[in-house]
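Visitor: Contents are compact mmCIF, C-alpha atoms and all ligand atoms; file name structure33.txt:
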# COMPACT_ATOMS: atom_id res chain seq x y z
CA MET A 297 117.83 97.43 93.72
CA GLN A 298 121.23 98.82 94.63
CA TYR A 299 121.83 101.55 97.16
CA LEU A 300 120.90 104.91 95.71
CA ASP A 301 123.83 107.22 95.95
CA MET A 302 122.23 110.50 94.93
CA GLU A 303 122.47 112.55 98.06
CA LYS A 304 120.62 115.73 97.23
CA ILE A 305 120.06 118.25 94.50
CA GLU A 306 123.42 119.99 94.43
CA HIS A 307 122.41 122.70 92.02
CA ILE A 308 120.03 123.68 89.27
CA GLY A 309 121.62 124.91 86.06
CA ILE A 310 119.96 127.75 84.18
CA ALA A 311 121.00 128.76 80.67
CA VAL A 312 121.16 132.53 80.27
CA ASN A 313 122.22 135.00 77.59
CA SER A 314 124.28 137.04 80.05
CA VAL A 315 125.59 135.91 83.41
CA ALA A 316 126.03 139.56 84.42
CA GLN A 317 122.39 140.42 83.70
CA ALA A 318 120.96 137.18 85.11
CA GLY A 319 123.28 137.43 88.11
CA SER A 320 121.62 140.70 89.14
CA VAL A 321 118.15 139.18 88.69
CA TYR A 322 118.93 136.08 90.78
CA GLU A 323 120.68 138.18 93.43
CA LYS A 324 117.41 140.10 93.84
CA LEU A 325 115.28 136.95 93.66
CA LEU A 326 117.24 135.02 96.28
CA GLY A 327 118.40 137.96 98.40
CA THR A 328 121.98 136.75 98.22
CA LYS A 329 125.06 137.65 96.20
CA VAL A 330 126.75 135.69 93.45
CA TYR A 331 129.64 134.19 95.42
CA LYS A 332 131.70 132.97 92.53
CA THR A 333 132.11 133.17 88.77
CA GLU A 334 134.14 130.68 86.81
CA GLU A 335 134.95 129.93 83.20
CA VAL A 336 134.87 126.29 82.17
CA VAL A 337 136.89 126.57 79.00
CA SER A 338 136.46 122.92 77.98
CA GLU A 339 132.67 123.43 77.92
CA GLY A 340 132.79 126.96 76.54
CA VAL A 341 130.76 128.36 79.42
CA LEU A 342 130.94 131.16 81.94
CA THR A 343 129.22 130.19 85.19
CA ALA A 344 128.06 132.14 88.22
CA PHE A 345 126.91 130.53 91.46
CA LEU A 346 124.43 131.60 94.09
CA GLN A 347 123.75 129.69 97.27
CA CYS A 348 120.12 129.00 98.18
CA GLY A 349 119.88 127.15 101.49
CA PRO A 350 121.62 123.80 100.97
CA ASN A 351 121.37 124.12 97.18
CA LYS A 352 122.95 126.25 94.55
CA ILE A 353 121.85 127.95 91.39
CA GLU A 354 124.33 127.79 88.53
CA LEU A 355 123.89 130.38 85.78
CA LEU A 356 125.46 129.36 82.48
CA GLN A 357 126.39 131.65 79.61
CA ALA A 358 127.91 130.44 76.33
CA LEU A 359 131.42 131.68 75.59
CA ASN A 360 131.36 130.54 71.95
CA ASP A 361 128.98 129.14 69.33
CA ASP A 362 130.18 125.55 69.83
CA SER A 363 129.25 125.58 73.50
CA PRO A 364 126.38 123.21 74.45
CA ILE A 365 124.77 126.24 76.09
CA ALA A 366 124.83 128.18 72.79
CA LYS A 367 123.02 125.26 71.14
CA PHE A 368 120.50 125.04 73.97
CA LEU A 369 119.81 128.80 73.86
CA SER A 370 119.31 128.85 70.10
CA LYS A 371 116.88 125.92 70.29
CA LYS A 372 114.95 126.69 73.46
CA GLY A 373 115.95 130.15 74.67
CA GLU A 374 116.82 130.98 78.24
CA GLY A 375 115.57 128.67 80.97
CA MET A 376 116.22 125.64 83.10
CA HIS A 377 119.04 123.59 81.61
CA HIS A 378 119.85 120.77 84.02
CA ILE A 379 119.43 119.37 87.51
CA ALA A 380 122.61 118.28 89.25
CA PHE A 381 122.63 115.61 91.94
CA GLU A 382 125.46 115.25 94.39
CA VAL A 383 127.08 111.83 94.55
CA THR A 384 129.96 110.63 96.69
CA ASP A 385 131.36 108.14 94.16
CA ILE A 386 130.66 109.28 90.62
CA ARG A 387 132.20 106.24 88.91
CA ALA A 388 130.09 103.82 90.95
CA GLU A 389 126.99 105.86 90.24
CA MET A 390 127.75 106.04 86.52
CA ALA A 391 128.11 102.25 86.43
CA ARG A 392 124.83 101.84 88.31
CA LEU A 393 122.93 104.14 85.93
CA LYS A 394 124.42 102.45 82.89
CA GLY A 395 123.23 99.13 84.32
CA GLU A 396 119.76 100.63 84.62
CA GLY A 397 119.80 101.54 80.93
CA PHE A 398 120.44 105.26 81.13
CA VAL A 399 122.57 106.84 78.41
CA LEU A 400 125.59 108.72 79.71
CA LEU A 401 126.89 111.65 77.67
CA ASN A 402 130.44 111.05 78.81
CA GLU A 403 132.05 107.71 79.56
CA GLU A 404 134.60 109.19 81.94
CA PRO A 405 133.86 111.82 84.61
CA LYS A 406 135.06 115.22 83.49
CA GLN A 407 136.17 118.38 85.23
CA GLY A 408 133.23 120.72 85.78
CA ALA A 409 132.84 124.08 87.45
CA ASP A 410 133.17 124.49 91.21
CA ASN A 411 135.93 121.88 91.56
CA LYS A 412 133.63 119.01 90.66
CA LEU A 413 133.85 115.80 88.67
CA VAL A 414 130.75 115.64 86.52
CA CYS A 415 128.87 113.37 84.16
CA PHE A 416 125.69 114.12 82.22
CA VAL A 417 122.82 111.72 81.58
CA HIS A 418 120.97 112.04 78.27
CA PRO A 419 117.62 113.81 78.72
CA LYS A 420 115.81 111.45 76.35
CA GLY A 421 115.95 108.67 78.93
CA VAL A 422 115.00 110.95 81.82
CA ASN A 423 111.70 112.37 80.59
CA GLY A 424 113.28 115.36 78.98
CA VAL A 425 115.49 116.46 81.86
CA LEU A 426 119.23 116.76 81.46
CA VAL A 427 120.71 115.28 84.63
CA GLU A 428 124.19 116.00 85.95
CA LEU A 429 125.98 113.90 88.51
CA CYS A 430 128.62 115.72 90.45
CA GLU A 431 131.18 114.58 92.91
CA SER A 432 132.76 117.38 94.88
CA LYS A 433 136.51 117.01 95.05
CA ASP A 434 136.61 119.02 98.24
CA TYR A 435 133.49 117.38 99.69
CA PRO A 436 132.04 118.19 102.16
CA ILE A 437 133.44 121.71 102.23
CA LYS A 438 130.62 124.17 101.76
CA ALA A 439 130.62 126.81 99.06
CA GLN A 440 131.08 129.67 101.49
CA THR A 441 134.36 128.28 102.77
CA HIS A 442 135.81 127.52 99.36
CA SER A 443 138.83 129.72 99.16
CA LEU A 444 139.20 131.33 95.78
CA ASN A 445 142.48 131.61 93.98
CA ILE A 446 143.65 135.05 92.90
CA ASP A 447 142.21 134.79 89.38
CA GLU A 448 138.82 133.71 90.74
CA GLN A 449 138.91 136.59 93.23
CA ILE A 450 139.67 139.05 90.44
CA ASN A 451 136.86 137.60 88.27
CA LEU A 452 134.45 137.95 91.14
CA PHE A 453 135.64 141.52 91.86
CA GLN A 454 135.07 142.51 88.22
CA PHE A 455 131.67 140.84 88.17
CA ARG A 456 130.46 142.45 91.40
CA ASN A 457 131.71 145.92 90.60
CA LYS A 458 130.92 145.65 86.88
CA LEU A 459 134.40 147.06 86.24
CA ILE A 460 137.37 145.77 84.28
CA MET A 461 140.84 145.61 85.78
CA PRO A 462 143.73 146.41 83.41
CA ASP A 463 146.22 143.62 82.65
CA ASP A 464 149.17 145.36 84.31
CA LEU A 465 147.26 145.61 87.58
CA ILE A 466 146.17 141.96 87.36
CA SER A 467 149.80 140.90 86.77
CA TYR A 468 150.88 142.97 89.73
CA PHE A 469 148.32 141.34 92.05
CA ASN A 470 149.37 137.90 90.86
CA LEU A 471 152.96 138.80 91.68
CA SER A 472 152.25 140.52 94.98
CA ASN A 473 150.20 137.56 96.12
CA ASP A 474 153.18 135.25 95.81
CA GLU A 475 155.96 137.61 96.78
CA ILE A 476 155.00 139.26 99.99
CA ASP A 477 156.76 142.57 100.56
CA ALA A 478 158.18 142.57 97.05
CA TYR A 479 157.17 146.18 96.67
CA ASN A 480 157.43 147.35 100.24
CA LEU A 481 159.87 150.14 100.79
CA ASP A 482 160.20 152.27 103.87
CA MET A 483 156.82 153.70 104.78
CA PHE A 484 155.32 152.95 101.39
CA THR A 485 153.05 149.90 101.29
CA PHE A 486 151.55 148.26 98.24
CA TYR A 487 148.43 146.26 99.03
CA LYS A 488 147.64 142.69 98.17
CA PHE A 489 144.41 141.97 96.32
CA ASP A 490 142.32 141.27 99.42
CA GLU A 491 143.16 144.79 100.62
CA PHE A 492 142.18 146.43 97.32
CA LYS A 493 139.11 148.50 98.26
CA SER A 494 137.20 151.51 96.98
CA VAL A 495 138.30 154.94 98.17
CA GLN A 496 135.16 155.22 100.27
CA GLU A 497 135.66 151.81 101.89
CA GLU A 498 139.37 152.32 102.48
CA VAL A 499 139.54 155.89 103.77
CA GLY A 500 136.03 157.39 103.44
CA ASP A 501 135.47 157.23 107.22
CA PHE A 502 138.99 158.24 108.18
CA GLY A 503 138.63 161.47 110.13
CA GLY A 504 142.19 161.54 111.47
CA VAL A 505 145.14 163.46 110.05
CA PRO A 506 144.63 164.08 107.25
CA ASP A 507 140.83 164.00 107.20
CA TYR A 508 139.56 161.96 104.24
CA ARG A 509 135.85 162.26 104.89
CA ASN A 510 135.28 164.84 102.16
CA ILE A 511 137.22 163.08 99.38
CA ILE A 512 134.12 161.30 98.06
CA ASN A 513 132.53 164.70 97.39
CA VAL A 514 135.63 165.93 95.59
CA LEU A 515 136.79 162.97 93.50
CA PRO A 516 134.47 162.43 90.50
CA GLU A 517 133.00 158.90 90.30
CA HIS A 518 134.92 157.92 93.39
CA GLU A 519 133.12 154.55 93.45
CA ASN A 520 135.24 153.46 90.46
CA CYS A 521 138.52 154.40 92.19
CA PHE A 522 140.30 151.76 94.27
CA VAL A 523 143.19 152.18 96.69
CA PHE A 524 146.21 149.96 95.97
CA ALA A 525 148.91 151.56 98.12
CA GLU A 526 149.47 153.93 100.98
CA TYR A 527 152.24 155.97 102.45
CA SER A 528 152.90 156.21 106.16
CA ILE A 529 149.59 154.80 107.43
CA HIS A 530 147.08 156.83 105.42
CA LEU A 531 149.17 160.02 105.31
CA MET A 532 148.65 159.56 101.58
CA VAL A 533 146.86 156.85 99.59
CA PHE A 534 147.11 155.87 95.92
CA ALA A 535 144.04 154.94 93.93
CA ILE A 536 143.46 153.73 90.38
CA ARG A 537 140.38 154.49 88.32
CA LEU A 538 138.66 151.48 86.72
CA TYR A 539 136.19 151.50 83.84
CA LYS A 540 133.26 149.38 82.73
CA GLY A 541 135.13 148.34 79.59
CA LEU A 542 138.73 147.98 78.57
CA SER A 543 140.37 151.39 78.59
CA ASN A 544 143.71 152.65 77.34
CA HIS A 545 144.04 154.80 80.45
CA ASN A 546 143.45 154.06 84.12
CA GLU A 547 144.30 157.22 86.00
CA VAL A 548 146.30 156.89 89.18
CA TYR A 549 145.75 159.51 91.87
CA ALA A 550 147.70 160.43 94.95
CA ILE A 551 145.14 161.34 97.59
CA CYS A 552 145.83 163.23 100.79
CA GLY A 553 142.77 164.07 102.85
CA SER A 554 140.29 165.83 100.59
CA LYS A 555 142.95 166.67 97.96
CA TYR A 556 143.81 164.49 95.04
CA GLU A 557 146.26 164.81 92.16
CA LEU A 558 146.75 162.83 88.96
CA VAL A 559 150.20 161.22 89.10
CA ALA A 560 150.08 158.68 86.25
CA ASN A 561 147.83 157.66 83.36
CA ASN A 562 148.08 153.96 84.08
CA PHE A 563 149.48 151.50 86.58
CA THR A 564 152.67 150.69 84.64
CA GLU A 565 153.49 154.39 84.34
CA PHE A 566 152.94 154.76 88.08
CA LEU A 567 155.37 151.91 88.85
CA GLN A 568 157.99 153.48 86.57
CA LEU A 569 157.68 156.88 88.26
CA TYR A 570 157.78 155.22 91.67
CA ASN A 571 160.84 153.14 90.82
CA ASP A 572 162.70 156.14 89.36
CA ASP A 573 162.15 158.31 92.40
CA ILE A 574 159.54 157.72 95.09
CA ASN A 575 159.03 161.52 95.39
CA ASN A 576 157.55 161.49 91.86
CA VAL A 577 154.29 160.04 93.15
CA PHE A 578 153.65 162.27 96.13
CA VAL A 579 151.20 165.16 96.19
CA VAL A 580 153.09 168.44 96.42
ZN ZN B 601 125.85 122.09 86.55
Please rewrite the model in this file as structure tokens.
Ligand code: ZN
Guide:
Amino acid sequence: MQYLDMEKIEHIGIAVNSVAQAGSVYEKLLGTKVYKTEEVVSEGVLTAFLQCGPNKIELLQALNDDSPIAKFLSKKGEGMHHIAFEVTDIRAEMARLKGEGFVLLNEEPKQGADNKLVCFVHPKGVNGVLVELCESKDYPIKAQTHSLNIDEQINLFQFRNKLIMPDDLISYFNLSNDEIDAYNLDMFTFYKFDEFKSVQEEVGDFGGVPDYRNIINVLPEHENCFVFAEYSIHLMVFAIRLYKGLSNHNEVYAICGSKYELVANNFTEFLQLYNDDINNVFVV
């Protein structure tokens, strides 16, 4: 018998109809937040991950009818889909399993979610359980320290807040992430994505001059409004309203203390006004 290279259960995959719905259920069950969502286009799945001690739960939703998850759901309904074992050398382990007579579903390791190389073992030879081998490319970095790229951060933001970001704002954050200070002018500061926070989080406790502590009582559905820029250290802040679905308007407000004023109907319009004359976007 050769050395067994399966280190631990890396994650358990669960097929679900909706990652958003199941994400909320598993967040309650495990008492922890979904820390990442990711589309694996080649497999036609949307995944969401939760950490549970040393293991993870992977929720899988089909993105199209050809997805293996769509087939699984139509045959069996929601439920446990696969068990994934962590291996340090996936090719060696695939060769070992083949030698033992297991049927591999892919001859070459393929790119899976979570920056992993993966291979599936046919459930027929494993007493009905679909087994995944996964080799972490950034092993042994733990999930919590995996730094997300800007698109992953935006996906996660939308998932957590159950809000959609308009394309012009997404493009802007992609740009501002690469080109620091591209939009900085005088005392006006545009934020990068990691500084993009709700009005309450950004200024809700700010009792200086001006005093913002009443704005959340004044601005309707303030929890859907997020600050993306400020003027002269909170003398004025600029927030955009997001919606649960795609919208043809995303109001931009200039906020000063407990006063707010609509300055543009979407982010692109705001940038145009701002570029024409910075005074266009200030509260009078
Ligand atoms: Zn998996």
Visitor: Between CA of Lys488 (chain A) and CA of Ser472 (chain A), what distance in Å does the model show, to one decimal?
Guide: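 Rounded to one decimal, the two atoms are 6.0 Å apart.
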Visitor: Can you tell me which residues come within 12 Å of ligand ZN 601 (chain B) when counting only C-alpha atoms and all ligand atoms, ideally as a PDB file with C-alpha atoms, in the coordinates of the input?
Guide:
ATOM      1  CA  ILE A 305     120.060 118.250  94.500  1.00  0.00           C
ATOM      2  CA  GLU A 306     123.420 119.990  94.430  1.00  0.00           C
ATOM      3  CA  HIS A 307     122.410 122.700  92.020  1.00  0.00           C
ATOM      4  CA  ILE A 308     120.030 123.680  89.270  1.00  0.00           C
ATOM      5  CA  GLY A 309     121.620 124.910  86.060  1.00  0.00           C
ATOM      6  CA  ILE A 310     119.960 127.750  84.180  1.00  0.00           C
ATOM      7  CA  ALA A 311     121.000 128.760  80.670  1.00  0.00           C
ATOM      8  CA  GLU A 334     134.140 130.680  86.810  1.00  0.00           C
ATOM      9  CA  VAL A 336     134.870 126.290  82.170  1.00  0.00           C
ATOM     10  CA  GLU A 339     132.670 123.430  77.920  1.00  0.00           C
ATOM     11  CA  VAL A 341     130.760 128.360  79.420  1.00  0.00           C
ATOM     12  CA  LEU A 342     130.940 131.160  81.940  1.00  0.00           C
ATOM     13  CA  THR A 343     129.220 130.190  85.190  1.00  0.00           C
ATOM     14  CA  ALA A 344     128.060 132.140  88.220  1.00  0.00           C
ATOM     15  CA  PHE A 345     126.910 130.530  91.460  1.00  0.00           C
ATOM     16  CA  ASN A 351     121.370 124.120  97.180  1.00  0.00           C
ATOM     17  CA  LYS A 352     122.950 126.250  94.550  1.00  0.00           C
ATOM     18  CA  ILE A 353     121.850 127.950  91.390  1.00  0.00           C
ATOM     19  CA  GLU A 354     124.330 127.790  88.530  1.00  0.00           C
ATOM     20  CA  LEU A 355     123.890 130.380  85.780  1.00  0.00           C
ATOM     21  CA  LEU A 356     125.460 129.360  82.480  1.00  0.00           C
ATOM     22  CA  GLN A 357     126.390 131.650  79.610  1.00  0.00           C
ATOM     23  CA  ILE A 365     124.770 126.240  76.090  1.00  0.00           C
ATOM     24  CA  MET A 376     116.220 125.640  83.100  1.00  0.00           C
ATOM     25  CA  HIS A 377     119.040 123.590  81.610  1.00  0.00           C
ATOM     26  CA  HIS A 378     119.850 120.770  84.020  1.00  0.00           C
ATOM     27  CA  ILE A 379     119.430 119.370  87.510  1.00  0.00           C
ATOM     28  CA  ALA A 380     122.610 118.280  89.250  1.00  0.00           C
ATOM     29  CA  PHE A 381     122.630 115.610  91.940  1.00  0.00           C
ATOM     30  CA  GLU A 382     125.460 115.250  94.390  1.00  0.00           C
ATOM     31  CA  LYS A 406     135.060 115.220  83.490  1.00  0.00           C
ATOM     32  CA  GLN A 407     136.170 118.380  85.230  1.00  0.00           C
ATOM     33  CA  GLY A 408     133.230 120.720  85.780  1.00  0.00           C
ATOM     34  CA  ALA A 409     132.840 124.080  87.450  1.00  0.00           C
ATOM     35  CA  ASP A 410     133.170 124.490  91.210  1.00  0.00           C
ATOM     36  CA  ASN A 411     135.930 121.880  91.560  1.00  0.00           C
ATOM     37  CA  LYS A 412     133.630 119.010  90.660  1.00  0.00           C
ATOM     38  CA  LEU A 413     133.850 115.800  88.670  1.00  0.00           C
ATOM     39  CA  VAL A 414     130.750 115.640  86.520  1.00  0.00           C
ATOM     40  CA  CYS A 415     128.870 113.370  84.160  1.00  0.00           C
ATOM     41  CA  PHE A 416     125.690 114.120  82.220  1.00  0.00           C
ATOM     42  CA  VAL A 417     122.820 111.720  81.580  1.00  0.00           C
ATOM     43  CA  LEU A 426     119.230 116.760  81.460  1.00  0.00           C
ATOM     44  CA  VAL A 427     120.710 115.280  84.630  1.00  0.00           C
ATOM     45  CA  GLU A 428     124.190 116.000  85.950  1.00  0.00           C
ATOM     46  CA  LEU A 429     125.980 113.900  88.510  1.00  0.00           C
ATOM     47  CA  CYS A 430     128.620 115.720  90.450  1.00  0.00           C
ATOM     48  CA  GLU A 431     131.180 114.580  92.910  1.00  0.00           C
ATOM     49  CA  SER A 432     132.760 117.380  94.880  1.00  0.00           C
TER      50      SER A 432
END
Visitor: Counting all atoms listed in the file, what are the residues of region 451-516 of chain A within 6 Å of region 528-541 of chain A, and for each of them which pair of atoms is the nearest and at what distance in Å, to one decimal? Sort the table by chain and rising number, as JSON lines.
Guide:
{"residue": "A:Leu459", "atom": "CA", "partner": "A:Lys540", "partner_atom": "CA", "distance": 4.4}
{"residue": "A:Ile460", "atom": "CA", "partner": "A:Lys540", "partner_atom": "CA", "distance": 5.7}
{"residue": "A:Met483", "atom": "CA", "partner": "A:Ser528", "partner_atom": "CA", "distance": 4.9}
Visitor: Please measure the separation of CA of Gln454 (chain A) and CA of Phe578 (chain A), giving the value in Å to one decimal.
Guide: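 Straight-line distance from CA of Gln454 (chain A) to CA of Phe578 (chain A) works out to 28.3 Å.
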Visitor: Of the residues A:Leu515, A:Ile386, A:His418, A:Ser320, which is the one nearest to Leu401 (chain A), using only C-alpha atoms?
Guide: A:His418
Visitor: Between A:Thr328, A:Thr485, A:Ser554, A:Asn457, which is the closest to Ile574 (chain A) once you count all atoms listed in the file?
Guide: A:Thr485
Visitor: Choose the residue, out of A:Gly340, A:Val499, A:Pro506, A:Ser494, that has the smallest atom-to-atom separation from Asp361 (chain A); count all atoms listed in the file.
Guide: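 So, comparing all the options, the nearest one is A:Gly340.
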Visitor: Could you work out how far CA of Val514 (chain A) lies from CA of Lys555 (chain A), giving the answer in Å with one decimal?
Guide: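 Here the two named atoms are 7.7 Å from each other.
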Visitor: For Gly553 (chain A), which residue out of A:Tyr570, A:Gln496, A:Val399, A:Pro516 is the nearest one, using all atoms listed in the file?
Guide: A:Gln496
Visitor: From the set A:Asp385, A:Glu497, A:Leu346, A:Glu303, which residue has the shortest atom-to-atom contact distance to Glu323 (chain A), counting all atoms listed in the file?
Guide: A:Leu346
Visitor: Identify which of the residues A:Ser370, A:Arg456, A:Met390, A:Asn402 lies closest to Val315 (chain A), counting only C-alpha atoms when measuring atom-to-atom distances.
Guide: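 Closest to Val315 (chain A) of all the choices is A:Arg456.
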